[in-house]
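Text of the file input38.tsv, holding TSV, C-alpha atoms:
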chain	number	residue	atom	x	y	z
A	1	MET	CA	10.49	8.28	-30.94
A	2	ASP	CA	12.73	6.75	-33.61
A	3	ASP	CA	10.68	4.95	-36.27
A	4	THR	CA	13.85	3.63	-37.93
A	5	ALA	CA	15.14	1.79	-34.84
A	6	ALA	CA	15.16	-2.02	-35.05
A	7	ARG	CA	12.33	-3.57	-33.06
A	8	PRO	CA	10.10	-6.65	-33.09
A	9	LYS	CA	7.57	-6.73	-35.90
A	10	SER	CA	4.00	-5.82	-35.07
A	11	LEU	CA	1.55	-8.67	-34.41
A	12	LYS	CA	-1.45	-8.41	-36.72
A	13	PHE	CA	-4.79	-10.11	-36.05
A	14	LYS	CA	-8.08	-10.46	-37.89
A	15	GLU	CA	-10.11	-9.11	-34.97
A	16	PRO	CA	-9.62	-6.21	-32.51
A	17	VAL	CA	-7.12	-6.70	-29.71
A	18	ILE	CA	-8.47	-5.76	-26.27
A	19	ASP	CA	-5.52	-6.42	-23.97
A	20	VAL	CA	-1.81	-7.22	-24.10
A	21	ALA	CA	0.66	-8.41	-21.45
A	22	PHE	CA	4.39	-9.19	-21.29
A	23	SER	CA	5.81	-12.18	-19.46
A	24	PRO	CA	7.77	-11.01	-16.38
A	25	THR	CA	10.60	-13.47	-17.04
A	26	THR	CA	10.99	-14.24	-20.77
A	27	ASN	CA	10.42	-12.76	-24.24
A	28	LEU	CA	6.76	-13.73	-24.44
A	29	VAL	CA	3.80	-11.46	-25.10
A	30	ALA	CA	0.14	-12.43	-24.74
A	31	SER	CA	-2.79	-10.87	-26.61
A	32	SER	CA	-6.53	-11.21	-26.06
A	33	LEU	CA	-9.14	-10.66	-28.75
A	34	ILE	CA	-12.75	-9.60	-28.87
A	35	THR	CA	-13.61	-13.09	-30.15
A	36	GLY	CA	-12.42	-14.76	-26.92
A	37	HIS	CA	-9.17	-16.00	-28.47
A	38	VAL	CA	-5.84	-15.75	-26.65
A	39	PHE	CA	-2.42	-15.80	-28.31
A	40	VAL	CA	1.07	-16.08	-26.87
A	41	HIS	CA	4.03	-15.12	-29.08
A	42	LYS	CA	7.76	-15.25	-28.60
A	43	TYR	CA	9.05	-11.90	-29.82
A	44	ASP	CA	12.43	-10.87	-31.19
A	45	VAL	CA	13.86	-8.19	-33.42
A	46	GLY	CA	14.37	-10.75	-36.16
A	47	SER	CA	11.01	-12.51	-36.05
A	48	ASN	CA	8.04	-13.49	-33.88
A	49	GLN	CA	6.88	-17.05	-33.26
A	50	ARG	CA	3.44	-18.10	-32.09
A	51	GLN	CA	3.63	-20.35	-29.02
A	52	VAL	CA	-0.02	-20.69	-27.99
A	53	ARG	CA	-3.36	-20.17	-29.70
A	54	GLY	CA	-6.59	-20.91	-27.87
A	55	LYS	CA	-10.19	-19.85	-27.32
A	56	PRO	CA	-10.79	-20.21	-23.58
A	57	HIS	CA	-13.87	-17.96	-23.55
A	58	LYS	CA	-17.16	-17.92	-25.43
A	59	LYS	CA	-17.27	-14.12	-25.43
A	60	SER	CA	-14.61	-11.43	-25.63
A	61	CYS	CA	-11.48	-11.90	-23.52
A	62	ARG	CA	-11.22	-8.47	-21.92
A	63	SER	CA	-8.17	-8.87	-19.70
A	64	LEU	CA	-5.12	-11.05	-19.17
A	65	CYS	CA	-1.97	-11.17	-17.04
A	66	PHE	CA	0.96	-13.48	-16.30
A	67	SER	CA	1.77	-15.04	-12.95
A	68	GLY	CA	4.85	-13.80	-11.11
A	69	ASP	CA	7.08	-16.56	-12.47
A	70	GLY	CA	5.57	-16.37	-15.96
A	71	SER	CA	4.40	-19.99	-15.97
A	72	LEU	CA	0.66	-19.23	-15.98
A	73	LEU	CA	-1.53	-16.87	-17.96
A	74	TYR	CA	-4.74	-15.63	-16.34
A	75	THR	CA	-7.65	-14.41	-18.50
A	76	ALA	CA	-11.04	-12.83	-17.75
A	77	SER	CA	-14.03	-12.58	-20.05
A	78	LYS	CA	-17.32	-10.94	-20.77
A	79	ASP	CA	-18.86	-14.41	-20.27
A	80	ARG	CA	-18.27	-13.89	-16.48
A	81	SER	CA	-15.55	-16.53	-16.27
A	82	TRP	CA	-11.84	-16.42	-15.55
A	83	GLN	CA	-9.26	-19.11	-16.09
A	84	ALA	CA	-5.55	-19.93	-15.88
A	85	MET	CA	-3.56	-21.74	-18.55
A	86	ASP	CA	-0.11	-23.25	-18.67
A	87	VAL	CA	2.01	-21.00	-20.88
A	88	GLU	CA	4.14	-23.85	-22.28
A	89	THR	CA	1.37	-26.23	-23.19
A	90	GLY	CA	-1.68	-23.99	-23.40
A	91	ALA	CA	-3.56	-26.40	-21.15
A	92	GLU	CA	-6.17	-25.04	-18.75
A	93	THR	CA	-5.18	-25.40	-15.08
A	94	THR	CA	-8.01	-23.48	-13.37
A	95	ARG	CA	-11.43	-22.31	-14.44
A	96	ILE	CA	-14.12	-20.42	-12.53
A	97	ASP	CA	-17.42	-19.99	-14.36
A	98	ALA	CA	-20.02	-17.44	-13.22
A	99	ALA	CA	-17.33	-15.78	-11.13
A	100	HIS	CA	-19.33	-12.51	-10.97
A	101	GLU	CA	-22.93	-11.56	-11.48
A	102	LYS	CA	-21.87	-9.14	-14.21
A	103	PRO	CA	-19.36	-9.48	-17.06
A	104	LEU	CA	-15.72	-9.23	-16.02
A	105	ASN	CA	-13.55	-6.30	-17.07
A	106	LEU	CA	-10.25	-7.06	-15.35
A	107	ILE	CA	-8.04	-9.70	-13.85
A	108	LYS	CA	-4.89	-8.84	-11.88
A	109	TYR	CA	-2.18	-11.12	-10.47
A	110	VAL	CA	-1.53	-10.24	-6.82
A	111	ASN	CA	0.79	-13.00	-5.58
A	112	GLU	CA	1.26	-16.76	-5.86
A	113	GLN	CA	-1.91	-17.30	-3.83
A	114	ILE	CA	-4.26	-14.50	-4.92
A	115	VAL	CA	-5.69	-13.02	-8.11
A	116	ALA	CA	-8.15	-10.14	-8.24
A	117	THR	CA	-11.05	-9.59	-10.64
A	118	GLY	CA	-13.31	-6.61	-11.34
A	119	ASP	CA	-16.57	-6.40	-13.25
A	120	GLU	CA	-18.85	-3.98	-15.09
A	121	ALA	CA	-20.91	-3.19	-11.98
A	122	GLY	CA	-17.92	-2.18	-9.82
A	123	CYS	CA	-17.51	-5.39	-7.82
A	124	VAL	CA	-13.96	-6.41	-6.91
A	125	LYS	CA	-13.18	-9.97	-5.80
A	126	LEU	CA	-10.09	-11.71	-4.47
A	127	TRP	CA	-9.60	-15.39	-5.29
A	128	ASP	CA	-7.55	-18.06	-3.56
A	129	VAL	CA	-5.96	-19.75	-6.55
A	130	ARG	CA	-4.77	-22.76	-4.52
A	131	GLN	CA	-8.20	-23.61	-3.19
A	132	LYS	CA	-9.88	-22.28	-6.33
A	133	LYS	CA	-12.50	-20.31	-4.45
A	134	GLN	CA	-13.46	-16.74	-3.58
A	135	ALA	CA	-11.67	-15.17	-0.61
A	136	PHE	CA	-13.21	-11.66	-0.39
A	137	SER	CA	-15.75	-9.60	-2.28
A	138	TYR	CA	-16.02	-5.80	-2.25
A	139	SER	CA	-18.86	-3.67	-3.59
A	140	GLU	CA	-17.62	-0.12	-3.04
A	141	HIS	CA	-18.07	1.05	-6.62
A	142	VAL	CA	-21.27	1.70	-8.52
A	143	ASP	CA	-19.75	1.63	-12.01
A	144	TYR	CA	-17.27	-0.49	-13.94
A	145	VAL	CA	-13.81	-1.28	-12.58
A	146	SER	CA	-11.38	0.26	-15.07
A	147	ASP	CA	-7.91	-0.61	-13.72
A	148	MET	CA	-6.10	-2.18	-10.76
A	149	VAL	CA	-2.56	-2.20	-9.39
A	150	PHE	CA	-1.07	-4.10	-6.45
A	151	HIS	CA	1.32	-2.27	-4.10
A	152	ALA	CA	3.25	-5.12	-2.49
A	153	PRO	CA	5.00	-3.22	0.38
A	154	LYS	CA	1.60	-2.32	1.90
A	155	ARG	CA	-0.26	-5.34	0.53
A	156	HIS	CA	-2.76	-2.92	-0.96
A	157	LEU	CA	-4.81	-3.46	-4.09
A	158	LEU	CA	-5.80	-0.13	-5.66
A	159	ALA	CA	-8.71	0.05	-8.11
A	160	THR	CA	-10.15	2.84	-10.26
A	161	SER	CA	-13.71	3.01	-11.45
A	162	GLY	CA	-16.00	4.78	-13.87
A	163	ASP	CA	-17.83	6.20	-10.86
A	164	GLY	CA	-14.89	8.60	-10.29
A	165	CYS	CA	-13.50	6.98	-7.13
A	166	LEU	CA	-10.26	5.27	-6.18
A	167	SER	CA	-10.61	2.33	-3.77
A	168	VAL	CA	-7.85	0.72	-1.71
A	169	TYR	CA	-8.05	-2.80	-0.25
A	170	ASP	CA	-5.79	-4.63	2.17
A	171	VAL	CA	-5.77	-8.09	0.59
A	172	ARG	CA	-5.68	-9.67	4.08
A	173	LYS	CA	-8.93	-8.06	5.21
A	174	ALA	CA	-12.59	-8.32	4.29
A	175	LYS	CA	-13.31	-4.59	4.46
A	176	PRO	CA	-11.87	-1.88	2.18
A	177	PHE	CA	-8.96	0.16	3.52
A	178	GLN	CA	-10.20	3.47	2.07
A	179	VAL	CA	-12.30	4.92	-0.76
A	180	SER	CA	-11.65	8.38	-2.18
A	181	ALA	CA	-14.12	11.15	-2.74
A	182	ASN	CA	-15.70	11.33	-6.16
A	183	GLN	CA	-13.35	13.13	-8.56
A	184	ASP	CA	-16.18	14.34	-10.81
A	185	ASP	CA	-14.75	12.41	-13.72
A	186	GLU	CA	-14.26	8.77	-14.71
A	187	LEU	CA	-10.98	7.27	-13.48
A	188	LEU	CA	-9.53	5.00	-16.17
A	189	SER	CA	-6.01	4.00	-15.10
A	190	VAL	CA	-3.73	3.94	-12.06
A	191	ALA	CA	-0.04	3.57	-11.10
A	192	VAL	CA	2.01	3.86	-7.89
A	193	ILE	CA	5.09	6.10	-8.25
A	194	ARG	CA	7.73	7.99	-6.27
A	195	GLY	CA	8.77	5.00	-4.19
A	196	GLY	CA	5.22	4.33	-3.07
A	197	SER	CA	4.59	7.87	-1.84
A	198	LYS	CA	2.27	8.90	-4.70
A	199	VAL	CA	-0.57	7.37	-6.70
A	200	VAL	CA	-1.42	8.75	-10.13
A	201	VAL	CA	-4.75	8.19	-11.91
A	202	GLY	CA	-5.78	8.93	-15.48
A	203	GLU	CA	-9.09	10.67	-16.15
A	204	THR	CA	-11.38	11.03	-19.15
A	205	ASP	CA	-10.77	14.78	-19.42
A	206	GLY	CA	-7.01	14.25	-19.92
A	207	VAL	CA	-6.01	15.24	-16.39
A	208	MET	CA	-3.73	13.12	-14.23
A	209	GLY	CA	-4.83	13.22	-10.59
A	210	ILE	CA	-2.16	12.61	-7.95
A	211	PHE	CA	-2.89	11.21	-4.48
A	212	SER	CA	-0.41	11.19	-1.59
A	213	TYR	CA	-0.20	7.60	-0.42
A	214	GLY	CA	-2.27	7.08	2.71
A	215	GLN	CA	-4.26	10.23	2.07
A	216	PHE	CA	-6.79	8.83	-0.35
A	217	GLY	CA	-9.66	11.16	0.52
A	218	ASP	CA	-8.86	13.50	-2.34
A	219	VAL	CA	-6.09	14.33	-4.80
A	220	THR	CA	-3.25	16.56	-3.60
A	221	ASP	CA	-2.15	17.58	-7.10
A	222	ARG	CA	-3.43	17.63	-10.67
A	223	PHE	CA	-1.46	17.49	-13.92
A	224	PRO	CA	-3.39	18.58	-17.04
A	225	GLY	CA	-1.93	18.34	-20.51
A	226	HIS	CA	-3.50	15.43	-22.40
A	227	PRO	CA	-6.07	16.57	-24.95
A	228	GLN	CA	-8.16	13.39	-24.51
A	229	SER	CA	-8.73	10.59	-22.02
A	230	ILE	CA	-5.83	8.70	-20.40
A	231	ASP	CA	-6.85	5.07	-20.88
A	232	SER	CA	-3.64	3.38	-19.75
A	233	ILE	CA	-0.63	4.21	-17.57
A	234	CYS	CA	2.61	2.23	-17.68
A	235	LYS	CA	5.22	2.98	-15.02
A	236	LEU	CA	8.81	3.28	-16.31
A	237	THR	CA	10.71	4.64	-13.29
A	238	GLU	CA	9.70	6.23	-10.01
A	239	ASP	CA	9.42	9.59	-11.82
A	240	LEU	CA	8.47	8.58	-15.37
A	241	CYS	CA	5.38	6.95	-16.88
A	242	VAL	CA	4.06	6.28	-20.36
A	243	THR	CA	0.41	7.11	-20.97
A	244	GLY	CA	-1.87	5.71	-23.64
A	245	SER	CA	-4.49	8.20	-24.75
A	246	SER	CA	-7.59	8.25	-26.90
A	247	ASP	CA	-5.79	10.41	-29.44
A	248	GLY	CA	-3.49	7.48	-30.26
A	249	LEU	CA	-0.26	8.83	-28.73
A	250	LEU	CA	1.99	7.18	-26.18
A	251	ARG	CA	3.43	10.04	-24.14
A	252	ILE	CA	6.40	9.94	-21.76
A	253	VAL	CA	5.41	11.92	-18.68
A	254	GLN	CA	7.60	13.14	-15.82
A	255	PHE	CA	6.38	13.90	-12.30
A	256	PHE	CA	7.79	16.36	-9.77
A	257	PRO	CA	8.31	18.56	-11.69
A	258	HIS	CA	5.39	17.68	-13.97
A	259	LYS	CA	6.07	17.85	-17.67
A	260	LEU	CA	5.62	15.99	-20.95
A	261	ILE	CA	9.00	14.57	-22.04
A	262	GLY	CA	8.16	13.23	-25.49
A	263	VAL	CA	6.24	10.69	-27.57
A	264	ALA	CA	7.11	6.98	-27.44
A	265	GLY	CA	4.63	5.78	-30.07
A	266	ASP	CA	1.73	6.76	-32.30
A	267	HIS	CA	-1.37	4.74	-33.24
A	268	GLN	CA	-2.45	7.28	-35.86
A	269	ALA	CA	-5.35	8.80	-33.91
A	270	LEU	CA	-6.81	5.42	-32.89
A	271	PRO	CA	-7.50	5.07	-29.13
A	272	VAL	CA	-4.85	3.19	-27.17
A	273	GLU	CA	-6.37	0.34	-25.16
A	274	LYS	CA	-3.26	-0.76	-23.25
A	275	VAL	CA	0.47	-0.08	-22.97
A	276	VAL	CA	2.88	-2.36	-21.06
A	277	LEU	CA	6.64	-2.68	-20.43
A	278	SER	CA	8.77	-5.76	-21.20
A	279	HIS	CA	10.62	-7.64	-18.49
A	280	ASP	CA	14.03	-6.36	-19.70
A	281	GLN	CA	12.78	-2.76	-19.92
A	282	GLN	CA	13.65	-2.63	-23.60
A	283	TRP	CA	10.22	-2.57	-25.28
A	284	LEU	CA	6.76	-1.17	-24.89
A	285	ALA	CA	3.82	-3.05	-26.38
A	286	SER	CA	0.51	-1.35	-27.06
A	287	CYS	CA	-2.78	-2.25	-28.69
A	288	SER	CA	-5.45	-0.14	-30.33
A	289	HIS	CA	-8.42	-0.50	-32.66
A	290	ASP	CA	-6.22	-1.40	-35.63
A	291	HIS	CA	-6.16	-5.16	-34.82
A	292	THR	CA	-2.43	-4.88	-34.12
A	293	VAL	CA	0.02	-5.11	-31.22
A	294	HIS	CA	2.85	-2.66	-31.79
A	295	PHE	CA	6.32	-2.68	-30.22
A	296	TRP	CA	8.22	0.51	-29.34
A	297	ASP	CA	11.82	0.93	-28.26
A	298	ILE	CA	12.05	2.44	-24.75
A	299	GLY	CA	15.48	1.17	-23.68
A	300	TYR	CA	17.07	4.59	-24.20
A	301	ILE	CA	15.19	5.88	-21.16
A	302	TYR	CA	17.07	3.48	-18.91
A	303	ALA	CA	20.36	4.10	-20.72
A	304	ASP	CA	19.99	7.81	-19.94
A	305	GLU	CA	19.16	6.96	-16.32
A	306	ASP	CA	22.34	4.85	-16.04
A	307	GLU	CA	24.46	7.64	-17.54
A	308	ASP	CA	22.98	10.15	-15.09
A	309	ASP	CA	23.68	7.78	-12.19
A	310	GLU	CA	27.28	7.27	-13.31
A	311	ALA	CA	27.81	11.03	-13.66
A	312	SER	CA	26.33	11.60	-10.21
A	313	GLU	CA	28.54	8.91	-8.68
A	314	ALA	CA	31.62	10.39	-10.37
A	315	ALA	CA	30.77	13.85	-9.04
A	316	GLU	CA	30.27	12.46	-5.53
A	317	GLN	CA	33.60	10.60	-5.70
A	318	LYS	CA	35.34	13.77	-6.87
A	319	ASP	CA	33.87	15.73	-3.97
A	320	THR	CA	34.95	12.99	-1.56
A	321	ASN	CA	38.52	13.00	-2.88
A	322	GLU	CA	38.73	16.79	-2.74
A	323	SER	CA	37.40	16.77	0.81
A	324	LYS	CA	39.97	14.14	1.80
A	325	GLU	CA	42.79	16.18	0.28
A	326	ASP	CA	41.58	19.27	2.13
A	327	HIS	CA	41.62	17.35	5.42
A	328	GLU	CA	45.13	16.08	4.71
A	329	LEU	CA	46.36	19.61	4.01
A	330	ASP	CA	44.68	20.86	7.17
A	331	ALA	CA	46.35	18.10	9.17
A	332	GLN	CA	49.76	18.94	7.73
A	333	ALA	CA	49.26	22.62	8.52
A	334	VAL	CA	48.34	21.83	12.13
A	335	ALA	CA	51.34	19.53	12.50
A	336	ILE	CA	53.66	22.25	11.21
A	337	ARG	CA	52.12	24.80	13.55
A	338	ILE	CA	52.56	22.46	16.53
A	339	SER	CA	56.19	21.80	15.56
A	340	ARG	CA	56.88	25.53	15.38
A	341	ASP	CA	55.24	26.07	18.79
A	342	VAL	CA	57.42	23.35	20.36
A	343	ASP	CA	60.61	24.81	18.84
A	344	SER	CA	59.62	28.26	20.11
A	345	ASP	CA	59.06	26.87	23.61
A	346	ASP	CA	62.55	25.26	23.62
A	347	ASP	CA	64.16	28.59	22.82
A	348	GLU	CA	62.49	30.41	25.74
A	349	ASP	CA	64.32	31.08	29.10
A	350	GLU	CA	63.79	28.44	31.77
A	351	SER	CA	62.65	31.09	34.29
A	352	GLU	CA	59.58	31.70	32.12
A	353	VAL	CA	58.50	28.06	32.17
A	354	ASP	CA	55.39	27.41	34.29
A	355	ILE	CA	54.91	23.72	35.08
A	356	ASP	CA	52.66	22.55	37.91
A	357	GLY	CA	52.66	26.03	39.44
A	358	CYS	CA	56.49	26.47	39.52
A	359	SER	CA	57.44	29.86	38.07
A	360	ASP	CA	61.21	29.48	37.73
A	361	ALA	CA	63.92	26.85	37.39
A	362	GLY	CA	64.90	27.06	41.06
A	363	GLU	CA	61.39	26.26	42.25
A	364	LEU	CA	61.21	23.48	39.72
A	365	ARG	CA	64.38	21.80	41.01
A	366	THR	CA	63.19	22.18	44.64
A	367	SER	CA	59.86	20.64	43.73
A	368	GLU	CA	61.59	17.72	42.04
A	369	GLU	CA	63.70	17.02	45.13
A	370	THR	CA	60.77	17.33	47.57
A	371	HIS	CA	58.09	15.60	45.49
A	372	PRO	CA	59.85	13.47	42.91
A	373	GLU	CA	56.66	11.61	42.10
A	374	GLU	CA	55.00	14.79	40.74
A	375	THR	CA	57.67	15.22	38.08
A	376	GLN	CA	56.74	11.87	36.56
A	377	THR	CA	53.46	13.20	35.26
A	378	ASP	CA	53.42	13.12	31.45
A	379	VAL	CA	52.89	16.43	29.75
A	380	ALA	CA	49.82	16.12	27.52
A	381	GLN	CA	50.71	16.34	23.85
A	382	PRO	CA	48.38	17.88	21.32
A	383	ASP	CA	46.15	15.29	19.72
A	384	LYS	CA	47.00	14.55	16.12
A	385	PRO	CA	44.10	15.65	13.93
A	386	SER	CA	42.10	12.82	12.43
A	387	LEU	CA	42.14	12.56	8.63
A	388	ASP	CA	38.55	11.41	8.77
A	389	ALA	CA	37.34	14.53	10.59
Translate this file's structure into structure tokens.
Amino acid sequence: MDDTAARPKSLKFKEPVIDVAFSPTTNLVASSLITGHVFVHKYDVGSNQRQVRGKPHKKSCRSLCFSGDGSLLYTASKDRSWQAMDVETGAETTRIDAAHEKPLNLIKYVNEQIVATGDEAGCVKLWDVRQKKQAFSYSEHVDYVSDMVFHAPKRHLLATSGDGCLSVYDVRKAKPFQVSANQDDELLSVAVIRGGSKVVVGETDGVMGIFSYGQFGDVTDRFPGHPQSIDSICKLTEDLCVTGSSDGLLRIVQFFPHKLIGVAGDHQALPVEKVVLSHDQQWLASCSHDHTVHFWDIGYIYADEDEDDEASEAAEQKDTNESKEDHELDAQAVAIRISRDVDSDDDEDESEVDIDGCSDAGELRTSEETHPEETQTDVAQPDKPSLDA
């Protein structure tokens, strides 16, 4: 972590910030407050500019997310409502009041047709945003829904809960795909890693539980190391994540092998509520109990990845060139050996030549006169070695 590196200035508010989200397409960041206010800022290293300020909810706005194209901002509130607003104008485009029986904790964009919501009692709902009505409702959890992530290749929505279980839903079906065994601890955050082969969850005791995808009955690995709860997980690459913990630190974590790489940011012992990655993979944004959204430089992670990829490609190209040269030398050696064998054969006495069963020159000439057609058979020449062998 380099505190001297140039980065966007922190966004300071009068009230606590509960959630933060980056636009997936432009340099916009949205923040939700405990008062029900929502802000959208355009961020830059030089300065930040407020684009939208509104109060779509009567009670605290607990969660927000952008649509896939960044044109809409979805928000969910303790007042049991969720809504969508136009990012450019701030105008409300959709609103669902009394969406759940209990206050909402989360809202998650799934695709252009579906958003998912989760509440304090563990209920998860899928909504058809075009028809503006509920599609499916699931009641697998008995405690609050803490986090959700959508795995597009399988069309699975994964949700963690305070009851200690991970639930998986096929967004095309009315019944849950699978629910894990109780992990004997609250599950607070979730991410899909390793090309979709692993799912990692953050727990209150500071342990990261790892499920093998498709085998959601129980964890297949556990990674301890955080001194306090892991409240947020932000995926960087297929092997790296950033965790936000109750001790205020943003840690860079590597999987397979499991180890702590370093610290990306520090909220000075205040619990981290959320950490997210910008669309250009240059910045992290995080919020805590200090009424502030902080920005952290994370671009160096991807610069290192690019350098490693270039070094690997160079090494592979070198090996390919060396292999090609070895094949060429082998081919030349074989050609020389064949040439020597032919010259040696020309120097031998005719009586020792054995062609088509004729053991001496006299038999050969007799054979030619009696069966001239047999002498027209081509003598097979050694195949020239392929350079691509």
State, in Å with one decimal place, the distance from CA of Glu112 in chain A to CA of Asp170 in chain A.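 Between these atoms lies a distance of 16.2 Å.
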Show which residues sit within 10 Å of range 101-110 of chain A, as an MDAnalysis selection string. Count all atoms listed in the file, and ignore same-chain residues fewer than 2 positions away. chainID A and resid 19 59:68 73:83 98:99 112:127 144:152 155:157 171
Resulting file, chosen residues, C-alpha atoms, as a PDB file, keeping the file's coordinate frame:
ATOM      1  CA  ASP A  19      -5.520  -6.420 -23.970  1.00  0.00           C
ATOM      2  CA  LYS A  59     -17.270 -14.120 -25.430  1.00  0.00           C
ATOM      3  CA  SER A  60     -14.610 -11.430 -25.630  1.00  0.00           C
ATOM      4  CA  CYS A  61     -11.480 -11.900 -23.520  1.00  0.00           C
ATOM      5  CA  ARG A  62     -11.220  -8.470 -21.920  1.00  0.00           C
ATOM      6  CA  SER A  63      -8.170  -8.870 -19.700  1.00  0.00           C
ATOM      7  CA  LEU A  64      -5.120 -11.050 -19.170  1.00  0.00           C
ATOM      8  CA  CYS A  65      -1.970 -11.170 -17.040  1.00  0.00           C
ATOM      9  CA  PHE A  66       0.960 -13.480 -16.300  1.00  0.00           C
ATOM     10  CA  SER A  67       1.770 -15.040 -12.950  1.00  0.00           C
ATOM     11  CA  GLY A  68       4.850 -13.800 -11.110  1.00  0.00           C
ATOM     12  CA  LEU A  73      -1.530 -16.870 -17.960  1.00  0.00           C
ATOM     13  CA  TYR A  74      -4.740 -15.630 -16.340  1.00  0.00           C
ATOM     14  CA  THR A  75      -7.650 -14.410 -18.500  1.00  0.00           C
ATOM     15  CA  ALA A  76     -11.040 -12.830 -17.750  1.00  0.00           C
ATOM     16  CA  SER A  77     -14.030 -12.580 -20.050  1.00  0.00           C
ATOM     17  CA  LYS A  78     -17.320 -10.940 -20.770  1.00  0.00           C
ATOM     18  CA  ASP A  79     -18.860 -14.410 -20.270  1.00  0.00           C
ATOM     19  CA  ARG A  80     -18.270 -13.890 -16.480  1.00  0.00           C
ATOM     20  CA  SER A  81     -15.550 -16.530 -16.270  1.00  0.00           C
ATOM     21  CA  TRP A  82     -11.840 -16.420 -15.550  1.00  0.00           C
ATOM     22  CA  GLN A  83      -9.260 -19.110 -16.090  1.00  0.00           C
ATOM     23  CA  ALA A  98     -20.020 -17.440 -13.220  1.00  0.00           C
ATOM     24  CA  ALA A  99     -17.330 -15.780 -11.130  1.00  0.00           C
ATOM     25  CA  GLU A 112       1.260 -16.760  -5.860  1.00  0.00           C
ATOM     26  CA  GLN A 113      -1.910 -17.300  -3.830  1.00  0.00           C
ATOM     27  CA  ILE A 114      -4.260 -14.500  -4.920  1.00  0.00           C
ATOM     28  CA  VAL A 115      -5.690 -13.020  -8.110  1.00  0.00           C
ATOM     29  CA  ALA A 116      -8.150 -10.140  -8.240  1.00  0.00           C
ATOM     30  CA  THR A 117     -11.050  -9.590 -10.640  1.00  0.00           C
ATOM     31  CA  GLY A 118     -13.310  -6.610 -11.340  1.00  0.00           C
ATOM     32  CA  ASP A 119     -16.570  -6.400 -13.250  1.00  0.00           C
ATOM     33  CA  GLU A 120     -18.850  -3.980 -15.090  1.00  0.00           C
ATOM     34  CA  ALA A 121     -20.910  -3.190 -11.980  1.00  0.00           C
ATOM     35  CA  GLY A 122     -17.920  -2.180  -9.820  1.00  0.00           C
ATOM     36  CA  CYS A 123     -17.510  -5.390  -7.820  1.00  0.00           C
ATOM     37  CA  VAL A 124     -13.960  -6.410  -6.910  1.00  0.00           C
ATOM     38  CA  LYS A 125     -13.180  -9.970  -5.800  1.00  0.00           C
ATOM     39  CA  LEU A 126     -10.090 -11.710  -4.470  1.00  0.00           C
ATOM     40  CA  TRP A 127      -9.600 -15.390  -5.290  1.00  0.00           C
ATOM     41  CA  TYR A 144     -17.270  -0.490 -13.940  1.00  0.00           C
ATOM     42  CA  VAL A 145     -13.810  -1.280 -12.580  1.00  0.00           C
ATOM     43  CA  SER A 146     -11.380   0.260 -15.070  1.00  0.00           C
ATOM     44  CA  ASP A 147      -7.910  -0.610 -13.720  1.00  0.00           C
ATOM     45  CA  MET A 148      -6.100  -2.180 -10.760  1.00  0.00           C
ATOM     46  CA  VAL A 149      -2.560  -2.200  -9.390  1.00  0.00           C
ATOM     47  CA  PHE A 150      -1.070  -4.100  -6.450  1.00  0.00           C
ATOM     48  CA  HIS A 151       1.320  -2.270  -4.100  1.00  0.00           C
ATOM     49  CA  ALA A 152       3.250  -5.120  -2.490  1.00  0.00           C
ATOM     50  CA  ARG A 155      -0.260  -5.340   0.530  1.00  0.00           C
ATOM     51  CA  HIS A 156      -2.760  -2.920  -0.960  1.00  0.00           C
ATOM     52  CA  LEU A 157      -4.810  -3.460  -4.090  1.00  0.00           C
ATOM     53  CA  VAL A 171      -5.770  -8.090   0.590  1.00  0.00           C
TER      54      VAL A 171
END
Atomic separation - CA of His41 in chain A relative to CA of Leu28 in chain A, Å: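 So the answer is 5.6 Å.
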I'd like the interatomic distance between CA of Gln268 in chain A and CA of Gly209 in chain A, to a tenth of an Å.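 Computing the Euclidean distance for CA of Gln268 in chain A and CA of Gly209 in chain A yields 26.1 Å.
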Taking into account all atoms listed in the file, which residue in the set A:Ala91, A:Val38, A:Ile298, A:Val200 is nearest to His279 in chain A? A:Ile298
Could I see range 295-301 of chain A restored to N, CA and C atoms, set down as a PDB file, in the frame of the given file?
ATOM      1  N   PHE A 295       5.187  -2.738 -31.135  1.00  0.00           N
ATOM      2  CA  PHE A 295       6.320  -2.680 -30.220  1.00  0.00           C
ATOM      3  C   PHE A 295       7.052  -1.350 -30.416  1.00  0.00           C
ATOM      4  N   TRP A 296       7.503  -0.769 -29.306  1.00  0.00           N
ATOM      5  CA  TRP A 296       8.220   0.510 -29.340  1.00  0.00           C
ATOM      6  C   TRP A 296       9.472   0.423 -28.480  1.00  0.00           C
ATOM      7  N   ASP A 297      10.566   0.936 -29.017  1.00  0.00           N
ATOM      8  CA  ASP A 297      11.820   0.930 -28.260  1.00  0.00           C
ATOM      9  C   ASP A 297      11.761   1.972 -27.137  1.00  0.00           C
ATOM     10  N   ILE A 298      12.041   1.531 -25.901  1.00  0.00           N
ATOM     11  CA  ILE A 298      12.050   2.440 -24.750  1.00  0.00           C
ATOM     12  C   ILE A 298      13.329   2.274 -23.934  1.00  0.00           C
ATOM     13  N   GLY A 299      14.248   1.444 -24.418  1.00  0.00           N
ATOM     14  CA  GLY A 299      15.480   1.170 -23.680  1.00  0.00           C
ATOM     15  C   GLY A 299      16.336   2.400 -23.454  1.00  0.00           C
ATOM     16  N   TYR A 300      16.237   3.389 -24.341  1.00  0.00           N
ATOM     17  CA  TYR A 300      17.070   4.590 -24.200  1.00  0.00           C
ATOM     18  C   TYR A 300      16.760   5.350 -22.925  1.00  0.00           C
ATOM     19  N   ILE A 301      15.544   5.213 -22.419  1.00  0.00           N
ATOM     20  CA  ILE A 301      15.190   5.880 -21.160  1.00  0.00           C
ATOM     21  C   ILE A 301      16.077   5.373 -20.032  1.00  0.00           C
TER      22      ILE A 301
END
